[in-house]
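Raw contents of entry-v1.cif, mmCIF, C-alpha atoms:
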```cif
data_run
#
loop_
_atom_site.label_atom_id
_atom_site.label_comp_id
_atom_site.auth_asym_id
_atom_site.auth_seq_id
_atom_site.Cartn_x
_atom_site.Cartn_y
_atom_site.Cartn_z
CA MET A 129 122.42 70.92 59.91
CA ILE A 130 120.70 72.65 62.80
CA SER A 131 117.16 73.76 62.01
CA VAL A 132 115.38 76.87 63.22
CA LYS A 133 113.05 74.66 65.24
CA GLN A 134 116.00 73.18 67.11
CA ILE A 135 117.45 76.62 67.83
CA VAL A 136 114.08 77.80 69.16
CA THR A 137 113.81 74.67 71.31
CA VAL A 138 117.28 75.19 72.75
CA VAL A 139 116.61 78.87 73.48
CA LEU A 140 113.27 78.07 75.13
CA CYS A 141 114.85 75.33 77.23
CA LEU A 142 117.62 77.67 78.36
CA LEU A 143 115.06 80.39 79.14
CA LEU A 144 113.27 77.91 81.37
CA ILE A 145 116.17 78.07 83.84
CA PRO A 146 115.86 81.77 84.81
CA VAL A 147 112.07 81.53 84.66
CA THR A 148 112.20 78.59 87.07
CA ALA A 149 114.53 80.52 89.36
CA VAL A 150 112.16 83.49 89.46
CA VAL A 151 109.04 81.37 90.00
CA THR A 152 110.75 79.37 92.75
CA ALA A 153 111.92 82.53 94.52
CA ALA A 154 108.42 84.03 94.26
CA VAL A 155 106.74 80.91 95.62
CA LYS A 156 109.28 80.63 98.44
CA GLN A 157 108.62 84.23 99.46
CA ARG A 158 104.88 83.58 99.76
CA PHE A 159 105.57 81.30 102.69
CA GLY A 160 107.74 83.84 104.44
CA ASP A 161 106.77 86.27 107.19
CA GLY A 162 106.76 89.41 105.09
CA PRO A 163 108.20 90.39 101.73
CA ASN A 164 111.76 90.78 100.54
CA ARG A 165 112.04 92.96 97.41
CA VAL A 166 109.51 92.62 94.58
CA PHE A 167 107.83 89.34 95.38
CA SER A 168 104.87 89.37 97.70
CA GLY A 169 105.44 87.78 101.06
CA GLY A 170 103.07 86.04 103.38
CA ALA A 171 101.10 87.61 106.21
CA LEU A 172 102.97 89.79 108.69
CA VAL A 173 103.13 87.68 111.83
CA ALA A 174 106.09 88.78 113.89
CA GLY A 175 106.21 92.06 115.76
CA GLU A 176 104.14 93.63 118.50
CA LEU A 177 100.76 95.02 117.42
CA HIS A 178 100.46 98.73 118.16
CA THR A 179 97.52 99.78 120.29
CA GLY A 180 96.55 103.14 121.71
CA SER A 181 96.89 106.62 120.29
CA GLU A 182 98.22 107.53 116.90
CA PRO A 183 102.01 107.53 116.75
CA ASP A 184 104.01 110.54 115.68
CA TRP A 185 104.63 109.42 112.14
CA ARG A 186 107.55 111.78 111.62
CA PHE A 187 109.83 108.92 112.59
CA VAL A 188 109.23 107.34 109.17
CA SER A 189 111.51 109.96 107.63
CA GLU A 190 114.30 107.74 108.98
CA VAL A 191 112.74 104.59 107.52
CA SER A 192 113.48 103.77 103.89
CA THR A 193 110.80 101.10 103.34
CA ILE A 194 107.98 99.50 105.26
CA GLU A 195 106.26 96.14 104.96
CA MET A 196 102.59 96.35 104.14
CA GLN A 197 100.02 93.58 104.07
CA LEU A 198 96.44 93.77 102.90
CA LEU A 199 93.92 91.71 104.81
CA ASP A 200 92.43 90.52 101.55
CA PRO A 201 94.45 88.98 100.02
CA PRO A 202 96.81 88.39 102.97
CA LEU A 203 99.98 89.09 101.04
CA SER A 204 102.65 91.59 101.96
CA ARG A 205 105.06 93.75 100.00
CA ARG A 206 107.85 96.23 100.71
CA ILE A 207 107.01 99.79 99.80
CA TRP A 208 108.15 103.38 100.21
CA VAL A 209 106.45 105.55 102.78
CA ALA A 210 106.21 109.25 103.49
CA GLU A 211 104.77 111.42 106.20
CA PHE A 212 103.01 114.71 105.52
CA ASN A 213 101.07 116.78 108.05
CA ASP A 214 101.17 113.99 110.65
CA LYS A 215 99.64 111.53 108.21
CA LEU A 216 101.17 108.48 106.66
CA TYR A 217 101.15 107.93 102.89
CA VAL A 218 102.04 105.02 100.67
CA TRP A 219 101.92 104.97 96.90
CA SER A 220 102.54 102.96 93.80
CA GLY A 221 104.13 104.17 90.60
CA TYR A 222 104.03 102.58 87.15
CA MET A 223 100.23 102.45 87.30
CA GLY A 224 99.96 104.01 83.86
CA THR A 225 101.67 101.12 82.09
CA THR A 226 100.38 97.63 81.40
CA ILE A 227 103.44 95.93 82.90
CA GLY A 228 103.19 98.22 85.90
CA ARG A 229 99.55 97.33 86.49
CA LEU A 230 100.33 93.63 86.17
CA TRP A 231 103.21 94.01 88.59
CA LYS A 232 101.53 96.32 91.10
CA ARG A 233 98.25 94.69 91.88
CA TRP A 234 98.02 95.77 95.48
CA PRO A 235 96.72 99.29 94.71
CA ILE A 236 93.74 97.81 92.86
CA GLN A 237 93.15 95.35 95.70
CA ALA A 238 93.52 98.13 98.28
CA GLU A 239 90.95 100.25 96.52
CA ARG A 240 88.54 97.32 96.83
CA ASP A 241 89.34 96.60 100.50
CA GLY A 242 91.67 99.05 102.18
CA ARG A 243 92.21 97.19 105.45
CA ALA A 244 95.94 96.84 105.86
CA LEU A 245 98.62 95.93 108.33
CA ILE A 246 101.98 97.65 108.18
CA ARG A 247 105.17 96.70 109.95
CA ILE A 248 107.79 99.30 110.74
CA ASN A 249 110.85 98.52 112.85
CA ASN A 250 109.29 95.20 113.82
CA ARG A 251 106.10 96.84 115.14
CA ARG A 252 102.76 96.23 113.42
CA TYR A 253 100.07 98.88 112.86
CA GLU A 254 96.50 98.32 111.70
CA ARG A 255 95.59 100.84 109.01
CA GLN A 256 92.93 101.67 106.46
CA LEU A 257 94.19 102.64 103.02
CA VAL A 258 92.23 105.53 101.53
CA ARG A 259 93.11 106.58 98.02
CA VAL A 260 93.88 110.26 97.41
CA GLU A 261 93.15 111.01 93.78
CA SER A 262 93.12 114.78 93.56
CA GLY A 263 93.36 118.01 95.48
CA GLU A 264 95.92 120.50 96.70
CA ILE A 265 97.12 118.10 99.36
CA LEU A 266 98.82 116.14 96.58
CA ASP A 267 101.27 119.03 96.13
CA GLY A 268 102.39 118.55 99.71
CA ILE A 269 102.43 114.76 99.57
CA SER A 270 104.37 114.60 96.32
CA GLY A 271 106.77 117.21 97.68
CA ALA A 272 107.36 115.03 100.75
CA ILE A 273 107.90 112.01 98.48
CA ARG A 274 110.42 113.83 96.27
CA LYS A 275 112.21 115.18 99.31
CA LYS A 276 112.68 111.71 100.73
CA TYR A 277 113.22 109.61 97.61
CA PRO A 278 114.69 110.01 94.11
CA SER A 279 111.15 110.12 92.74
CA GLN A 280 109.48 112.05 89.94
CA THR A 281 106.08 111.93 91.64
CA THR A 282 104.02 115.06 91.06
CA ARG A 283 100.43 116.07 91.68
CA ALA A 284 99.84 115.89 87.92
CA ALA A 285 101.15 112.30 87.78
CA VAL A 286 98.84 111.29 90.61
CA GLU A 287 95.82 113.02 89.10
CA ALA A 288 96.61 111.40 85.73
CA GLY A 289 96.52 107.97 87.40
CA ASP A 290 100.19 107.17 86.80
CA VAL A 291 100.82 107.13 90.54
CA TRP A 292 98.27 105.90 93.05
CA VAL A 293 98.59 107.50 96.48
CA PHE A 294 96.92 106.16 99.62
CA GLU A 295 96.66 107.62 103.07
CA ALA A 296 97.33 104.89 105.62
CA ALA A 297 94.70 106.16 108.01
CA ALA A 298 93.76 104.81 111.40
CA ARG A 299 91.34 101.92 111.13
CA ARG A 300 87.96 102.54 112.73
CA MET B 37 115.49 47.73 50.60
CA CYS B 38 116.31 46.70 54.07
CA GLY B 39 119.52 48.76 53.99
CA CYS B 40 117.73 51.82 52.55
CA SER B 41 115.17 51.93 55.33
CA LYS B 42 117.82 51.45 57.99
CA GLN B 43 120.25 54.09 56.75
CA PRO B 44 118.25 57.22 57.79
CA GLN B 45 117.74 55.79 61.26
CA ASP B 46 121.49 55.40 61.65
CA ASP B 47 121.96 59.03 60.57
CA ARG B 48 119.42 60.28 63.06
CA TYR B 49 120.68 58.23 65.95
CA PRO B 50 123.55 60.45 67.10
CA ARG B 51 121.39 63.60 66.82
CA SER B 52 118.47 62.19 68.79
CA GLN B 53 120.92 60.95 71.39
CA GLY B 54 122.36 64.45 71.60
CA VAL B 55 118.91 65.96 71.94
CA ARG B 56 118.10 63.47 74.67
CA TYR B 57 121.28 64.40 76.53
CA PHE B 58 120.41 68.08 76.15
CA TYR B 59 116.93 67.56 77.59
CA TRP B 60 118.38 65.65 80.51
CA LEU B 61 120.87 68.44 81.03
CA ILE B 62 118.02 70.95 81.14
CA VAL B 63 116.04 68.80 83.59
CA VAL B 64 119.10 68.52 85.86
CA ALA B 65 119.70 72.27 85.56
CA LEU B 66 116.06 72.98 86.46
CA VAL B 67 116.17 70.70 89.50
CA LEU B 68 119.45 72.26 90.63
CA THR B 69 117.96 75.72 90.09
CA VAL B 70 114.91 74.93 92.24
CA LEU B 71 117.01 73.36 94.99
CA GLY B 72 119.55 76.18 94.83
CA VAL B 73 116.93 78.91 95.13
CA LEU B 74 115.17 77.05 97.93
CA PHE B 75 118.15 76.09 100.03
CA VAL B 76 121.29 78.07 99.16
CA PRO B 77 121.42 81.10 101.49
CA GLY B 78 121.07 84.34 99.54
CA ALA B 79 120.22 82.67 96.22
CA ASP B 80 116.55 83.70 96.36
CA ASP B 81 117.55 87.26 97.20
CA LEU B 82 119.96 87.38 94.26
CA VAL B 83 117.26 86.12 91.89
CA GLU B 84 114.81 88.70 93.23
CA GLN B 85 117.38 91.48 92.93
CA ILE B 86 118.09 90.69 89.26
CA PHE B 87 114.38 90.34 88.53
CA GLN B 88 113.66 93.66 90.22
CA ARG B 89 116.24 95.38 88.03
CA TYR B 90 114.66 93.92 84.89
CA LEU B 91 111.12 94.70 86.03
CA GLY B 92 111.96 98.28 86.96
CA SER B 93 113.37 99.04 83.53
CA ALA B 94 110.58 97.19 81.71
CA ALA B 95 107.80 99.03 83.56
CA ARG B 96 109.10 102.50 82.69
#
```
Do you think you could lay out the structure here as structure tokens?
Amino acid sequence: MISVKQIVTVVLCLLLIPVTAVVTAAVKQRFGDGPNRVFSGGALVAGELHTGSEPDWRFVSEVSTIEMQLLDPPLSRRIWVAEFNDKLYVWSGYMGTTIGRLWKRWPIQAERDGRALIRINNRRYERQLVRVESGEILDGISGAIRKKYPSQTTRAAVEAGDVWVFEAAARR
Amino acid sequence: MCGCSKQPQDDRYPRSQGVRYFYWLIVVALVLTVLGVLFVPGADDLVEQIFQRYLGSAAR
């Protein structure tokens, strides 16, 4: 006769397999040059570092995702990007849920230290992430986001803290 | 008396052997999983893709 304890043991042992796969993939990604999908990657190493004047960021309308690394901690992730009024914006959704906040830790880290490095088309740019929490500009930014992606981002969602928006400004 | 104390052990023997085999099977599966994710091209990406799908729906 199989007991409940044995069934639980078997289920837990079988669950260990996908958990191990996920943990292994996450650890492997940490040693990579950049991220892949959800797991953070290592520091962005490859690619020429941009110097000189500000680029015309309108070219990001043709770019679906960018790689972004914070200097502290030096981990990178793949994120969406939008341009509005010649400025570059990145954001994180799901910030209103517990799972979302556990998953998306970079916005909290970026608020603490906004120094970042982004890589677009194998070219790296030094940026400073500055959070935009309120204001009319959010209408324009969220409009640009919705225009580019299948996103529900609105000014209200940003001001409610469900979505955290950052301007990727030039680093001084 | 000797037979009474030995009988339950004989009953348990096949089950504990089965459990031991199962644990070994799990250990082998875990090792193969780690090696597969580390060295099979595309395996890590597949794992991440499935995890992303789960995470996306769970975070909503």
task: Find the residues near region 76-89 of chain B: any atom within 7 Å, counting only C-alpha atoms, skip ones fewer than 2 places away on the same chain, and give them as number ranges by chain.
output: A: 149-150, 153, 165-166; B: 72-74, 91-93
message: Considering only C-alpha atoms, can you say which of A:Leu216, A:Leu177, A:Ala171, A:Leu230 comes closest to chain B?
response: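 Closest to chain B of all the choices is A:Leu230.
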Given the PyMOL selection byres ((chain A and resi 266) around 12), the residues it picks as a ChimeraX atom specification: /A:212-213,217,219,259-265,267-274,281-287,291-295
- request: Enter the distance from CA of Gly228 (chain A) to CA of Tyr90 (chain B), in Å, rounded to one decimal.
  value: 12.3 Å
query: Hey, can you check how far CA of Val191 (chain A) sits from CA of Trp231 (chain A)?
result: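 Separation between CA of Val191 (chain A) and CA of Trp231 (chain A): 23.7 Å.
What the PyMOL selection byres ((chain A and resi 238-253) around 7) grabs from this file is Gly175, Glu176, Leu177, His178, Ile194, Glu195, Met196, Gln197, Leu198, Leu199, Asp200, Trp234, Pro235, Ile236, Gln237, Glu254, Arg255, Gln256, Leu257, Val258 and Arg259 of chain A.
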